[in-house]
Amino acid sequence: MGGPLRAMSKADVMIRVGINGYGTIGKRVADAVAAQDDMQIVGVTKTSPSFGCDLAVRKGYPLFCTFDDAERIAAFGQAGYECHGGLSDMLSVCDVVIDCSPGKVGAQNLEIYRQSGVKSIFQGGEKHALTGLSYTSSANHAENLGADCTRVVSCNTTGLSRTLVPLQEHCLEAGGISVNCVMIRRAADPGDSGKGPINAIKPVLKVPSHHGPDVMTVRNDIDITSLAVAVPTTIMHVHAITVTLPQGHGLSTESILDMWKNTPRVLIMNGANTRITSTAEVMELARDIGRTWGDLHEIFVWEDGVSLQGDTLYYFQAIHQESDVIPENVDAIRALMDSESDWKASAAKTDSAIARFNGL
Ligand SMILES: NC(=O)c1ccc[n+]([C@@H]2O[C@H](COP(=O)([O-])OP(=O)(O)OC[C@H]3O[C@@H](n4cnc5c(N)ncnc54)[C@H](OP(=O)(O)O)[C@@H]3O)[C@@H](O)[C@H]2O)c1
């Protein structure tokens with residue numbers, strides 16, 4: 001799906017990136033992009049003056065209004081913020097825009113991006129049908145090379161892909177894997193005050209849930225289905241996963257753990273030895289690591305919760321919903337700009353730059 005929009009040429013030094021929607025995901029993607037030596041943030045948008053503008057100003061990101069409306073742009077100046085114009089002004093200085101607007105809102109922006117000649121990356125709150133192409137670094141970086149627009153899949157789909165894709169690649173010749181998973185979902189992000197449940201377990205009654213099948217938008221040969229429940233926590237999702245391996249797979253619990261230890265952005269730790277027995281301790285570990293906002297880009301797998309019994313593999317993994325997709329957005333920029341064709345090379349570059357940015 002190569003396209004006519006601004007592709008990277010050898011003469012280009014830095015990929016110019018704009019963020020439309022500077023909220024939970026947008027502010028994190030902005031920092032991850034700013035950390036890279038081959039891309040720069042040329043602007044972020046806010047709908048109106050609010051405390052998030054202060055963060056953009058402190059980071060030195062040029063602030064734009066989400067809309068081109070003169071009155072709304074003027075409101076920023078009246079509140080004491082320097083606003084560089086509306087969305088069209090930001091798009092005029094971008095090679096690629098990362099749409100981090102609320103779920104289902106981004107869809108209305110695609111035509112605006114196309115008309116501006118800017119490549120675009122959407123988030124998991126949009127449907128695959130919007131772009132006809134989705135993205136996960138480990139699953140289909142190559143398929144996205146040179147594309148005009150794509151969708152970085154949701155935090156849950158990203159988490160499932162990280163551990164399932166290497167398993168599928170190993171088992172492909174023997175017939176491939178078959179997956180059932182239960183998604184135990186956080187009720188709301190920590191910054192949300194309007195969502196619940198606060199004292200209930202809420203099953204998603206649309207069966208199967210969309211999470212498993214969404215993996216097939218990036219890896220359509222994985223046979224997968226899922227159920228989901230929302231629980232009263234704000235900090236992480238947990239997946240309980242059952243994988244049927246094909247006969248002749250040749251794997252053991254130990255070799256599967258080794259496979260994941262060698263997979264970028266998967267973190268394996270033993271719960272009993274480390275006393276990391278719940279998402280609370282995983283998040284405390286993430287805060288200790290020192291990334292901004294206590295983020296954990298890696299998918300956390302409990303070593304002692306992994307067990308291969310016959311041809312059936314059981315495991316649990318925890319997903320930091322606000323941050324596992326962040327490095328994926330950076331890799332997706334390189335895919336669309338066709339500036340790095342090897343996903344592992346991109347992932348290594350992305351992750352080491354983020355680590356340096358956080359002084360680690
Ligand atoms: N949060 C997660 O855990 C998570 C994980 C993975 C993927 N995602 C996906 O990422 C996307 C963004 O989610 P989020 O959690 O970052 O949402 P969020 O925290 O609500 O941030 C969205 C931002 O976009 C701004 N905005 C509102 N309307 C807009 C419009 N028409 N155009 C551009 N920006 C607009 C919002 O308002 P202001 O400018 O007024 O602040 C806000 O800053 C969604 O597709 C979501 O499904 C979220």
# chains A, B, ... in the order shown; residues from 1 in each chain; ligands from 1
>>> residues_near_ligand(ligand="ligand 1", cutoff="6 Å", atoms="only C-alpha atoms and all ligand atoms", output="PyMOL selection string")
chain A and resi 20-26+46-48+66+100-103+105+123-126+154-155+189+321-322
>>> write_last_selection(atoms="N, CA, C and O atoms", output="short mmCIF file (atom, residue, chain, number, x, y, z; two decimals), in the first residue's frame")
data_model
loop_
_atom_site.label_atom_id
_atom_site.label_comp_id
_atom_site.auth_asym_id
_atom_site.auth_seq_id
_atom_site.Cartn_x
_atom_site.Cartn_y
_atom_site.Cartn_z
N ASN A 20 -2.02 14.94 16.77
CA ASN A 20 -3.36 15.52 16.86
C ASN A 20 -4.11 14.84 18.01
O ASN A 20 -4.61 13.72 17.85
N GLY A 21 -4.17 15.52 19.15
CA GLY A 21 -4.79 14.94 20.35
C GLY A 21 -3.72 14.68 21.39
O GLY A 21 -3.10 13.62 21.40
N TYR A 22 -3.48 15.69 22.23
CA TYR A 22 -2.38 15.60 23.21
C TYR A 22 -2.98 15.19 24.56
O TYR A 22 -3.08 15.98 25.49
N GLY A 23 -3.43 13.92 24.63
CA GLY A 23 -3.99 13.39 25.87
C GLY A 23 -3.12 12.25 26.37
O GLY A 23 -1.91 12.28 26.24
N THR A 24 -3.76 11.23 26.92
CA THR A 24 -3.04 10.11 27.54
C THR A 24 -2.01 9.50 26.59
O THR A 24 -0.84 9.33 26.94
N ILE A 25 -2.45 9.13 25.40
CA ILE A 25 -1.54 8.50 24.44
C ILE A 25 -0.68 9.57 23.73
O ILE A 25 0.52 9.40 23.58
N GLY A 26 -1.31 10.68 23.34
CA GLY A 26 -0.60 11.70 22.57
C GLY A 26 0.62 12.26 23.28
O GLY A 26 1.69 12.43 22.68
N LYS A 46 -4.38 20.87 21.01
CA LYS A 46 -5.36 20.78 22.10
C LYS A 46 -6.65 21.43 21.58
O LYS A 46 -6.60 22.35 20.77
N THR A 47 -7.79 20.94 22.09
CA THR A 47 -9.07 21.51 21.63
C THR A 47 -9.29 22.91 22.18
O THR A 47 -9.92 23.76 21.56
N SER A 48 -8.79 23.13 23.41
CA SER A 48 -8.98 24.43 24.08
C SER A 48 -7.92 24.52 25.18
O SER A 48 -7.31 23.52 25.54
N THR A 66 -6.87 22.27 17.78
CA THR A 66 -7.40 21.13 17.04
C THR A 66 -8.24 21.56 15.84
O THR A 66 -8.44 20.80 14.91
N CYS A 100 -4.18 10.95 17.88
CA CYS A 100 -4.38 10.40 19.23
C CYS A 100 -5.64 11.00 19.84
O CYS A 100 -5.73 11.22 21.04
N SER A 101 -6.60 11.28 18.99
CA SER A 101 -7.88 11.81 19.46
C SER A 101 -8.68 10.66 20.08
O SER A 101 -8.33 9.49 19.90
N PRO A 102 -9.76 10.97 20.82
CA PRO A 102 -10.52 9.89 21.47
C PRO A 102 -11.05 8.89 20.45
O PRO A 102 -11.29 9.24 19.28
N GLY A 103 -11.25 7.65 20.91
CA GLY A 103 -11.74 6.58 20.02
C GLY A 103 -12.94 7.02 19.21
O GLY A 103 -13.82 7.71 19.72
N VAL A 105 -13.31 9.24 17.15
CA VAL A 105 -13.26 10.64 16.71
C VAL A 105 -12.29 10.78 15.54
O VAL A 105 -12.50 11.55 14.61
N GLN A 123 -5.08 5.24 16.16
CA GLN A 123 -4.91 4.39 17.34
C GLN A 123 -6.01 3.32 17.38
O GLN A 123 -6.94 3.32 16.58
N GLY A 124 -5.90 2.47 18.38
CA GLY A 124 -6.77 1.29 18.48
C GLY A 124 -8.24 1.59 18.71
O GLY A 124 -9.07 0.68 18.58
N GLY A 125 -8.58 2.82 19.05
CA GLY A 125 -10.00 3.18 19.22
C GLY A 125 -10.72 3.31 17.89
O GLY A 125 -11.95 3.43 17.85
N GLU A 126 -9.96 3.31 16.79
CA GLU A 126 -10.58 3.37 15.46
C GLU A 126 -10.70 1.94 14.91
O GLU A 126 -9.96 1.05 15.31
N SER A 154 -4.89 -1.74 19.43
CA SER A 154 -5.11 -1.35 20.83
C SER A 154 -4.02 -1.95 21.73
O SER A 154 -3.25 -2.83 21.32
N CYS A 155 -4.03 -1.48 22.98
CA CYS A 155 -3.07 -1.99 23.96
C CYS A 155 -3.21 -3.50 24.15
O CYS A 155 -2.22 -4.23 24.24
N ASP A 189 -8.60 4.51 32.80
CA ASP A 189 -7.23 4.99 33.01
C ASP A 189 -7.18 5.78 34.32
O ASP A 189 -8.21 6.34 34.75
N GLN A 321 -1.76 -0.44 29.95
CA GLN A 321 -2.62 -0.03 28.83
C GLN A 321 -2.22 1.32 28.25
O GLN A 321 -2.41 1.57 27.06
N GLU A 322 -1.66 2.22 29.08
CA GLU A 322 -1.37 3.57 28.57
C GLU A 322 -0.04 3.64 27.82
O GLU A 322 0.26 4.68 27.23
#
>>> residues_around(residues="Ala345 in chain A", least_positions_apart="6", cutoff="12 Å", atoms="only C-alpha atoms", output="PDB file with C-alpha atoms, in the first residue's frame")
ATOM      1  CA  SER A 137       5.928  -3.978  15.204  1.00  0.00           C
ATOM      2  CA  SER A 138       6.434  -7.735  15.587  1.00  0.00           C
ATOM      3  CA  HIS A 141       6.049  -3.962   9.996  1.00  0.00           C
ATOM      4  CA  PRO A 264      11.751  -7.335  22.140  1.00  0.00           C
ATOM      5  CA  ASP A 331       8.206   2.065  14.687  1.00  0.00           C
ATOM      6  CA  ARG A 334       9.550   4.468  10.269  1.00  0.00           C
ATOM      7  CA  ALA A 335       7.409   1.907   8.430  1.00  0.00           C
ATOM      8  CA  SER A 339      13.094   4.597   6.576  1.00  0.00           C
ATOM      9  CA  ASP A 351      13.824   1.595  22.797  1.00  0.00           C
ATOM     10  CA  SER A 352      17.418   2.707  23.329  1.00  0.00           C
TER      11      SER A 352
END
>>> select_by_dssp(residues="range 85-331 of chain A", states="helix (DSSP H, G or I)", output="ChimeraX atom specification")
/A:87-91,106-116,128-131,137-140,142-144,155-171,211-215,253-261,271-274,279-289,292-294,303-305,326-331
>>> atom_distance(atom1="CA of Lys344 in chain A", atom2="CA of Arg162 in chain A")
12.4 Å
>>> residues_around(residues="Val238 in chain A", least_positions_apart="4", cutoff="7 Å", atoms="only C-alpha atoms", output="ChimeraX atom specification")
/A:183-185,316-319
>>> write_last_selection(atoms="C-alpha atoms", output="mmCIF file, in the first residue's frame")
data_model
loop_
_atom_site.group_PDB
_atom_site.id
_atom_site.type_symbol
_atom_site.label_atom_id
_atom_site.label_comp_id
_atom_site.auth_asym_id
_atom_site.auth_seq_id
_atom_site.Cartn_x
_atom_site.Cartn_y
_atom_site.Cartn_z
ATOM 1 C CA MET A 183 -9.081 -10.280 28.938
ATOM 2 C CA ILE A 184 -9.391 -8.934 32.494
ATOM 3 C CA ARG A 185 -9.598 -5.255 31.691
ATOM 4 C CA PHE A 316 -0.810 -14.935 32.222
ATOM 5 C CA GLN A 317 0.468 -11.567 31.053
ATOM 6 C CA ALA A 318 -0.050 -7.998 32.265
ATOM 7 C CA ILE A 319 -0.433 -4.993 29.973
#
>>> residues_around(residues="Leu130 in chain A", least_positions_apart="5", cutoff="10 Å", atoms="only C-alpha atoms", output="list in words")
Lys104, Gly106, Ala107, Gln108, Leu110, Phe122, Cys149, Thr150 and Arg151 of chain A
>>> write_last_selection(atoms="all heavy atoms", output="PDB file, in the first residue's frame")
ATOM      1  N   LYS A 104     -12.962   6.633  17.964  1.00  0.00           N
ATOM      2  CA  LYS A 104     -14.039   6.898  16.995  1.00  0.00           C
ATOM      3  C   LYS A 104     -14.105   8.346  16.530  1.00  0.00           C
ATOM      4  O   LYS A 104     -14.846   8.690  15.623  1.00  0.00           O
ATOM      5  CB  LYS A 104     -15.405   6.455  17.526  1.00  0.00           C
ATOM      6  CG  LYS A 104     -15.454   4.963  17.827  1.00  0.00           C
ATOM      7  CD  LYS A 104     -16.820   4.500  18.275  1.00  0.00           C
ATOM      8  CE  LYS A 104     -16.835   3.014  18.593  1.00  0.00           C
ATOM      9  NZ  LYS A 104     -15.967   2.641  19.724  1.00  0.00           N
ATOM     10  N   GLY A 106     -11.216   9.968  15.597  1.00  0.00           N
ATOM     11  CA  GLY A 106     -10.169  10.075  14.587  1.00  0.00           C
ATOM     12  C   GLY A 106     -10.670   9.859  13.170  1.00  0.00           C
ATOM     13  O   GLY A 106     -10.152  10.464  12.226  1.00  0.00           O
ATOM     14  N   ALA A 107     -11.688   8.998  13.040  1.00  0.00           N
ATOM     15  CA  ALA A 107     -12.172   8.633  11.704  1.00  0.00           C
ATOM     16  C   ALA A 107     -12.490   9.868  10.863  1.00  0.00           C
ATOM     17  O   ALA A 107     -12.214   9.908   9.667  1.00  0.00           O
ATOM     18  CB  ALA A 107     -13.402   7.741  11.835  1.00  0.00           C
ATOM     19  N   GLN A 108     -13.044  10.901  11.514  1.00  0.00           N
ATOM     20  CA  GLN A 108     -13.450  12.084  10.739  1.00  0.00           C
ATOM     21  C   GLN A 108     -12.236  12.901  10.264  1.00  0.00           C
ATOM     22  O   GLN A 108     -12.381  13.786   9.416  1.00  0.00           O
ATOM     23  CB  GLN A 108     -14.407  12.964  11.559  1.00  0.00           C
ATOM     24  CG  GLN A 108     -13.796  13.605  12.767  1.00  0.00           C
ATOM     25  CD  GLN A 108     -14.828  13.865  13.885  1.00  0.00           C
ATOM     26  OE1 GLN A 108     -15.785  13.130  14.062  1.00  0.00           O
ATOM     27  NE2 GLN A 108     -14.606  14.924  14.633  1.00  0.00           N
ATOM     28  N   LEU A 110      -9.402  11.535   8.826  1.00  0.00           N
ATOM     29  CA  LEU A 110      -8.595  10.904   7.768  1.00  0.00           C
ATOM     30  C   LEU A 110      -8.621  11.708   6.465  1.00  0.00           C
ATOM     31  O   LEU A 110      -7.568  11.939   5.854  1.00  0.00           O
ATOM     32  CB  LEU A 110      -9.082   9.467   7.516  1.00  0.00           C
ATOM     33  CG  LEU A 110      -8.367   8.716   6.386  1.00  0.00           C
ATOM     34  CD1 LEU A 110      -6.855   8.644   6.628  1.00  0.00           C
ATOM     35  CD2 LEU A 110      -8.924   7.299   6.230  1.00  0.00           C
ATOM     36  N   PHE A 122      -3.332   6.125  13.067  1.00  0.00           N
ATOM     37  CA  PHE A 122      -4.448   6.166  14.007  1.00  0.00           C
ATOM     38  C   PHE A 122      -4.188   5.197  15.155  1.00  0.00           C
ATOM     39  O   PHE A 122      -3.237   4.425  15.119  1.00  0.00           O
ATOM     40  CB  PHE A 122      -5.759   5.834  13.273  1.00  0.00           C
ATOM     41  CG  PHE A 122      -6.153   6.918  12.296  1.00  0.00           C
ATOM     42  CD1 PHE A 122      -5.615   6.947  11.015  1.00  0.00           C
ATOM     43  CD2 PHE A 122      -7.021   7.921  12.673  1.00  0.00           C
ATOM     44  CE1 PHE A 122      -5.946   7.949  10.117  1.00  0.00           C
ATOM     45  CE2 PHE A 122      -7.358   8.933  11.787  1.00  0.00           C
ATOM     46  CZ  PHE A 122      -6.823   8.945  10.507  1.00  0.00           C
ATOM     47  N   CYS A 149      -1.427   5.431   5.349  1.00  0.00           N
ATOM     48  CA  CYS A 149      -2.012   5.509   6.690  1.00  0.00           C
ATOM     49  C   CYS A 149      -2.147   4.110   7.266  1.00  0.00           C
ATOM     50  O   CYS A 149      -2.241   3.124   6.530  1.00  0.00           O
ATOM     51  CB  CYS A 149      -3.364   6.215   6.659  1.00  0.00           C
ATOM     52  SG  CYS A 149      -4.585   5.379   5.683  1.00  0.00           S
ATOM     53  N   THR A 150      -2.132   4.052   8.589  1.00  0.00           N
ATOM     54  CA  THR A 150      -2.304   2.772   9.268  1.00  0.00           C
ATOM     55  C   THR A 150      -2.935   3.032  10.629  1.00  0.00           C
ATOM     56  O   THR A 150      -3.195   4.180  11.013  1.00  0.00           O
ATOM     57  CB  THR A 150      -0.958   2.025   9.401  1.00  0.00           C
ATOM     58  OG1 THR A 150      -1.216   0.654   9.724  1.00  0.00           O
ATOM     59  CG2 THR A 150      -0.055   2.641  10.472  1.00  0.00           C
ATOM     60  N   ARG A 151      -3.196   1.941  11.341  1.00  0.00           N
ATOM     61  CA  ARG A 151      -3.783   2.026  12.687  1.00  0.00           C
ATOM     62  C   ARG A 151      -2.932   1.175  13.614  1.00  0.00           C
ATOM     63  O   ARG A 151      -2.782  -0.028  13.374  1.00  0.00           O
ATOM     64  CB  ARG A 151      -5.222   1.484  12.641  1.00  0.00           C
ATOM     65  CG  ARG A 151      -5.878   1.356  13.990  1.00  0.00           C
ATOM     66  CD  ARG A 151      -7.193   0.585  13.889  1.00  0.00           C
ATOM     67  NE  ARG A 151      -6.953  -0.830  13.704  1.00  0.00           N
ATOM     68  CZ  ARG A 151      -7.454  -1.802  14.487  1.00  0.00           C
ATOM     69  NH1 ARG A 151      -8.254  -1.506  15.488  1.00  0.00           N
ATOM     70  NH2 ARG A 151      -7.170  -3.068  14.260  1.00  0.00           N
TER      71      ARG A 151
END
>>> residues_around(residues="Asp31 in chain A", least_positions_apart="6", cutoff="12 Å", atoms="only C-alpha atoms", output="short mmCIF file (atom, residue, chain, number, x, y, z; two decimals) with N, CA, C and O atoms, in the first residue's frame")
data_model
loop_
_atom_site.label_atom_id
_atom_site.label_comp_id
_atom_site.auth_asym_id
_atom_site.auth_seq_id
_atom_site.Cartn_x
_atom_site.Cartn_y
_atom_site.Cartn_z
N VAL A 17 6.93 15.24 12.70
CA VAL A 17 5.76 14.54 13.23
C VAL A 17 4.87 15.51 14.00
O VAL A 17 5.35 16.28 14.85
N GLY A 18 3.57 15.47 13.71
CA GLY A 18 2.58 16.24 14.49
C GLY A 18 1.70 15.28 15.27
O GLY A 18 1.45 14.15 14.82
N ILE A 19 1.24 15.73 16.43
CA ILE A 19 0.36 14.90 17.26
C ILE A 19 -0.99 15.58 17.33
O ILE A 19 -1.10 16.69 17.88
N TYR A 22 -3.48 15.69 22.23
CA TYR A 22 -2.38 15.60 23.21
C TYR A 22 -2.98 15.19 24.56
O TYR A 22 -3.08 15.98 25.49
N THR A 24 -3.76 11.23 26.92
CA THR A 24 -3.04 10.11 27.54
C THR A 24 -2.01 9.50 26.59
O THR A 24 -0.84 9.33 26.94
N ILE A 25 -2.45 9.13 25.40
CA ILE A 25 -1.54 8.50 24.44
C ILE A 25 -0.68 9.57 23.73
O ILE A 25 0.52 9.40 23.58
N MET A 39 13.65 11.82 14.00
CA MET A 39 12.33 12.46 13.91
C MET A 39 12.20 13.57 14.94
O MET A 39 12.93 13.60 15.93
N GLN A 40 11.29 14.50 14.67
CA GLN A 40 11.10 15.61 15.59
C GLN A 40 9.61 15.95 15.69
O GLN A 40 8.85 15.71 14.75
N ILE A 41 9.23 16.51 16.83
CA ILE A 41 7.84 16.96 17.01
C ILE A 41 7.73 18.39 16.50
O ILE A 41 8.45 19.29 16.97
N GLY A 43 4.59 19.83 16.27
CA GLY A 43 3.40 20.43 16.86
C GLY A 43 2.52 19.41 17.54
O GLY A 43 2.57 18.21 17.22
N VAL A 44 1.75 19.90 18.52
CA VAL A 44 0.73 19.07 19.18
C VAL A 44 -0.55 19.92 19.25
O VAL A 44 -0.47 21.14 19.32
N LEU A 55 2.04 21.37 29.87
CA LEU A 55 3.01 20.30 29.64
C LEU A 55 3.68 20.48 28.28
O LEU A 55 4.91 20.40 28.16
N ALA A 56 2.86 20.77 27.25
CA ALA A 56 3.41 20.96 25.90
C ALA A 56 4.40 22.13 25.89
O ALA A 56 5.48 22.04 25.31
N ARG A 58 6.09 23.32 28.45
CA ARG A 58 7.29 22.96 29.22
C ARG A 58 8.23 22.07 28.39
O ARG A 58 9.44 22.17 28.48
N LYS A 59 7.65 21.21 27.57
CA LYS A 59 8.47 20.31 26.75
C LYS A 59 9.00 21.00 25.50
O LYS A 59 9.78 20.41 24.76
N GLY A 60 8.50 22.19 25.21
CA GLY A 60 8.95 22.91 24.01
C GLY A 60 8.26 22.46 22.73
O GLY A 60 8.80 22.66 21.63
N TYR A 61 7.08 21.83 22.84
CA TYR A 61 6.35 21.40 21.64
C TYR A 61 5.42 22.53 21.19
O TYR A 61 4.58 22.99 21.98
N ARG A 291 10.89 5.32 33.98
CA ARG A 291 10.31 5.96 32.80
C ARG A 291 9.25 6.97 33.24
O ARG A 291 8.60 6.80 34.27
N THR A 292 9.07 7.99 32.40
CA THR A 292 8.08 9.02 32.72
C THR A 292 6.72 8.37 32.97
O THR A 292 6.37 7.39 32.31
N TRP A 293 5.97 8.91 33.85
CA TRP A 293 4.61 8.46 34.23
C TRP A 293 4.57 7.03 34.79
O TRP A 293 3.51 6.43 34.91
N SER A 323 0.75 2.55 27.87
CA SER A 323 2.10 2.74 27.32
C SER A 323 2.64 1.65 26.41
O SER A 323 3.63 1.89 25.73
N ILE A 326 3.14 2.80 22.81
CA ILE A 326 3.93 4.01 22.52
C ILE A 326 5.12 3.72 21.60
O ILE A 326 5.26 4.36 20.55
N PRO A 327 6.00 2.75 21.94
CA PRO A 327 7.11 2.49 21.01
C PRO A 327 6.63 1.98 19.66
O PRO A 327 7.30 2.18 18.64
N ASN A 329 4.12 3.11 17.97
CA ASN A 329 3.84 4.28 17.14
C ASN A 329 5.12 4.81 16.49
O ASN A 329 5.11 5.24 15.33
N VAL A 330 6.21 4.77 17.23
CA VAL A 330 7.49 5.25 16.68
C VAL A 330 7.94 4.33 15.54
O VAL A 330 8.32 4.79 14.45
N THR A 350 14.34 2.57 18.68
CA THR A 350 13.28 3.24 19.43
C THR A 350 13.52 3.11 20.93
O THR A 350 13.50 4.09 21.68
N ALA A 353 16.66 4.85 22.39
CA ALA A 353 16.50 6.31 22.44
C ALA A 353 15.57 6.72 23.59
O ALA A 353 15.83 7.70 24.30
N ILE A 354 14.51 5.94 23.81
CA ILE A 354 13.59 6.26 24.92
C ILE A 354 14.33 6.09 26.26
O ILE A 354 14.19 6.91 27.16
N ALA A 355 15.15 5.05 26.35
CA ALA A 355 15.90 4.83 27.60
C ALA A 355 16.85 6.01 27.86
O ALA A 355 16.92 6.52 28.98
N ARG A 356 17.55 6.47 26.81
CA ARG A 356 18.46 7.61 26.98
C ARG A 356 17.68 8.86 27.40
O ARG A 356 18.08 9.61 28.27
N PHE A 357 16.51 9.05 26.77
CA PHE A 357 15.65 10.22 27.04
C PHE A 357 15.27 10.25 28.52
O PHE A 357 15.15 11.30 29.14
N ASN A 358 15.06 9.05 29.10
CA ASN A 358 14.67 8.96 30.50
C ASN A 358 15.90 8.89 31.42
O ASN A 358 15.76 8.65 32.61
#
>>> residues_around(residues="Ala200 in chain A", least_positions_apart="5", cutoff="10 Å", atoms="only C-alpha atoms", output="number ranges by chain")
A: 187, 230-232
>>> write_last_selection(atoms="all heavy atoms", output="PDB file, in the first residue's frame")
ATOM      1  N   ALA A 187     -10.888  -0.863  34.475  1.00  0.00           N
ATOM      2  CA  ALA A 187     -12.147  -0.147  34.225  1.00  0.00           C
ATOM      3  C   ALA A 187     -11.903   1.188  33.535  1.00  0.00           C
ATOM      4  O   ALA A 187     -12.659   1.586  32.656  1.00  0.00           O
ATOM      5  CB  ALA A 187     -12.871   0.077  35.543  1.00  0.00           C
ATOM      6  N   ALA A 230     -14.541  -6.312  32.576  1.00  0.00           N
ATOM      7  CA  ALA A 230     -13.921  -5.105  33.139  1.00  0.00           C
ATOM      8  C   ALA A 230     -13.970  -5.217  34.659  1.00  0.00           C
ATOM      9  O   ALA A 230     -14.988  -5.634  35.229  1.00  0.00           O
ATOM     10  CB  ALA A 230     -14.678  -3.869  32.673  1.00  0.00           C
ATOM     11  N   VAL A 231     -12.864  -4.871  35.312  1.00  0.00           N
ATOM     12  CA  VAL A 231     -12.799  -4.965  36.776  1.00  0.00           C
ATOM     13  C   VAL A 231     -12.380  -3.605  37.359  1.00  0.00           C
ATOM     14  O   VAL A 231     -11.761  -2.800  36.662  1.00  0.00           O
ATOM     15  CB  VAL A 231     -11.802  -6.071  37.224  1.00  0.00           C
ATOM     16  CG1 VAL A 231     -12.295  -7.433  36.778  1.00  0.00           C
ATOM     17  CG2 VAL A 231     -10.408  -5.816  36.689  1.00  0.00           C
ATOM     18  N   PRO A 232     -12.723  -3.356  38.637  1.00  0.00           N
ATOM     19  CA  PRO A 232     -12.473  -2.037  39.229  1.00  0.00           C
ATOM     20  C   PRO A 232     -11.003  -1.793  39.577  1.00  0.00           C
ATOM     21  O   PRO A 232     -10.614  -1.823  40.739  1.00  0.00           O
ATOM     22  CB  PRO A 232     -13.328  -2.033  40.501  1.00  0.00           C
ATOM     23  CG  PRO A 232     -14.115  -3.274  40.484  1.00  0.00           C
ATOM     24  CD  PRO A 232     -13.468  -4.227  39.538  1.00  0.00           C
TER      25      PRO A 232
END
>>> atom_distance(atom1="CA of Arg16 in chain A", atom2="CA of His128 in chain A")
25.0 Å
>>> residues_around(residues="Leu313 in chain A", least_positions_apart="4", cutoff="10 Å", atoms="only C-alpha atoms", output="PyMOL selection string")
chain A and resi 179+241-245+251-253+256+306-309
>>> write_last_selection(atoms="N, CA and C atoms", output="PDB file, in the first residue's frame")
ATOM      1  N   VAL A 179      -5.869 -20.145  19.743  1.00  0.00           N
ATOM      2  CA  VAL A 179      -5.782 -19.394  21.005  1.00  0.00           C
ATOM      3  C   VAL A 179      -7.169 -19.056  21.557  1.00  0.00           C
ATOM      4  N   ILE A 241      -4.334 -16.733  29.132  1.00  0.00           N
ATOM      5  CA  ILE A 241      -4.273 -17.212  27.743  1.00  0.00           C
ATOM      6  C   ILE A 241      -4.063 -18.733  27.682  1.00  0.00           C
ATOM      7  N   THR A 242      -4.827 -19.381  26.833  1.00  0.00           N
ATOM      8  CA  THR A 242      -4.669 -20.815  26.583  1.00  0.00           C
ATOM      9  C   THR A 242      -4.376 -21.000  25.096  1.00  0.00           C
ATOM     10  N   VAL A 243      -3.258 -21.643  24.802  1.00  0.00           N
ATOM     11  CA  VAL A 243      -2.853 -21.824  23.399  1.00  0.00           C
ATOM     12  C   VAL A 243      -2.747 -23.312  23.103  1.00  0.00           C
ATOM     13  N   THR A 244      -3.433 -23.763  22.082  1.00  0.00           N
ATOM     14  CA  THR A 244      -3.270 -25.147  21.622  1.00  0.00           C
ATOM     15  C   THR A 244      -2.190 -25.150  20.548  1.00  0.00           C
ATOM     16  N   LEU A 245      -1.120 -25.905  20.807  1.00  0.00           N
ATOM     17  CA  LEU A 245       0.001 -25.972  19.856  1.00  0.00           C
ATOM     18  C   LEU A 245      -0.212 -27.162  18.912  1.00  0.00           C
ATOM     19  N   LEU A 251       8.247 -27.832  21.372  1.00  0.00           N
ATOM     20  CA  LEU A 251       8.514 -26.817  22.404  1.00  0.00           C
ATOM     21  C   LEU A 251       8.372 -27.407  23.805  1.00  0.00           C
ATOM     22  N   SER A 252       9.006 -26.743  24.779  1.00  0.00           N
ATOM     23  CA  SER A 252       8.815 -27.067  26.193  1.00  0.00           C
ATOM     24  C   SER A 252       8.540 -25.742  26.903  1.00  0.00           C
ATOM     25  N   THR A 253       8.114 -25.814  28.153  1.00  0.00           N
ATOM     26  CA  THR A 253       7.879 -24.574  28.911  1.00  0.00           C
ATOM     27  C   THR A 253       9.145 -23.713  28.883  1.00  0.00           C
ATOM     28  N   ILE A 256       9.845 -22.070  25.487  1.00  0.00           N
ATOM     29  CA  ILE A 256       8.914 -20.954  25.227  1.00  0.00           C
ATOM     30  C   ILE A 256       9.373 -19.721  26.024  1.00  0.00           C
ATOM     31  N   VAL A 306       3.621 -19.793  33.632  1.00  0.00           N
ATOM     32  CA  VAL A 306       3.662 -20.363  32.277  1.00  0.00           C
ATOM     33  C   VAL A 306       3.796 -21.877  32.405  1.00  0.00           C
ATOM     34  N   SER A 307       2.902 -22.612  31.747  1.00  0.00           N
ATOM     35  CA  SER A 307       2.983 -24.069  31.848  1.00  0.00           C
ATOM     36  C   SER A 307       2.495 -24.729  30.566  1.00  0.00           C
ATOM     37  N   LEU A 308       3.345 -25.563  30.001  1.00  0.00           N
ATOM     38  CA  LEU A 308       2.946 -26.342  28.814  1.00  0.00           C
ATOM     39  C   LEU A 308       2.567 -27.735  29.293  1.00  0.00           C
ATOM     40  N   GLN A 309       1.308 -28.107  29.100  1.00  0.00           N
ATOM     41  CA  GLN A 309       0.830 -29.430  29.524  1.00  0.00           C
ATOM     42  C   GLN A 309       0.325 -30.152  28.280  1.00  0.00           C
TER      43      GLN A 309
END
>>> closest_residue(among="A:Cys94, A:Leu133, A:Val301, A:Ala70", to="Asp214 in chain A", atoms="only C-alpha atoms")
A:Leu133
>>> closest_residue(among="A:Val29, A:Ile201, A:Cys83, A:Val152", to="Thr131 in chain A", atoms="only C-alpha atoms")
A:Val152
>>> closest_residue(among="A:Asp258, A:Asp89, A:Asp95, A:Asp288", to="Ile73 in chain A", atoms="only C-alpha atoms")
A:Asp89
>>> closest_residue(among="A:Met269, A:Ala32, A:Ala79, A:Ala74", to="Asp54 in chain A", atoms="only C-alpha atoms")
A:Ala79
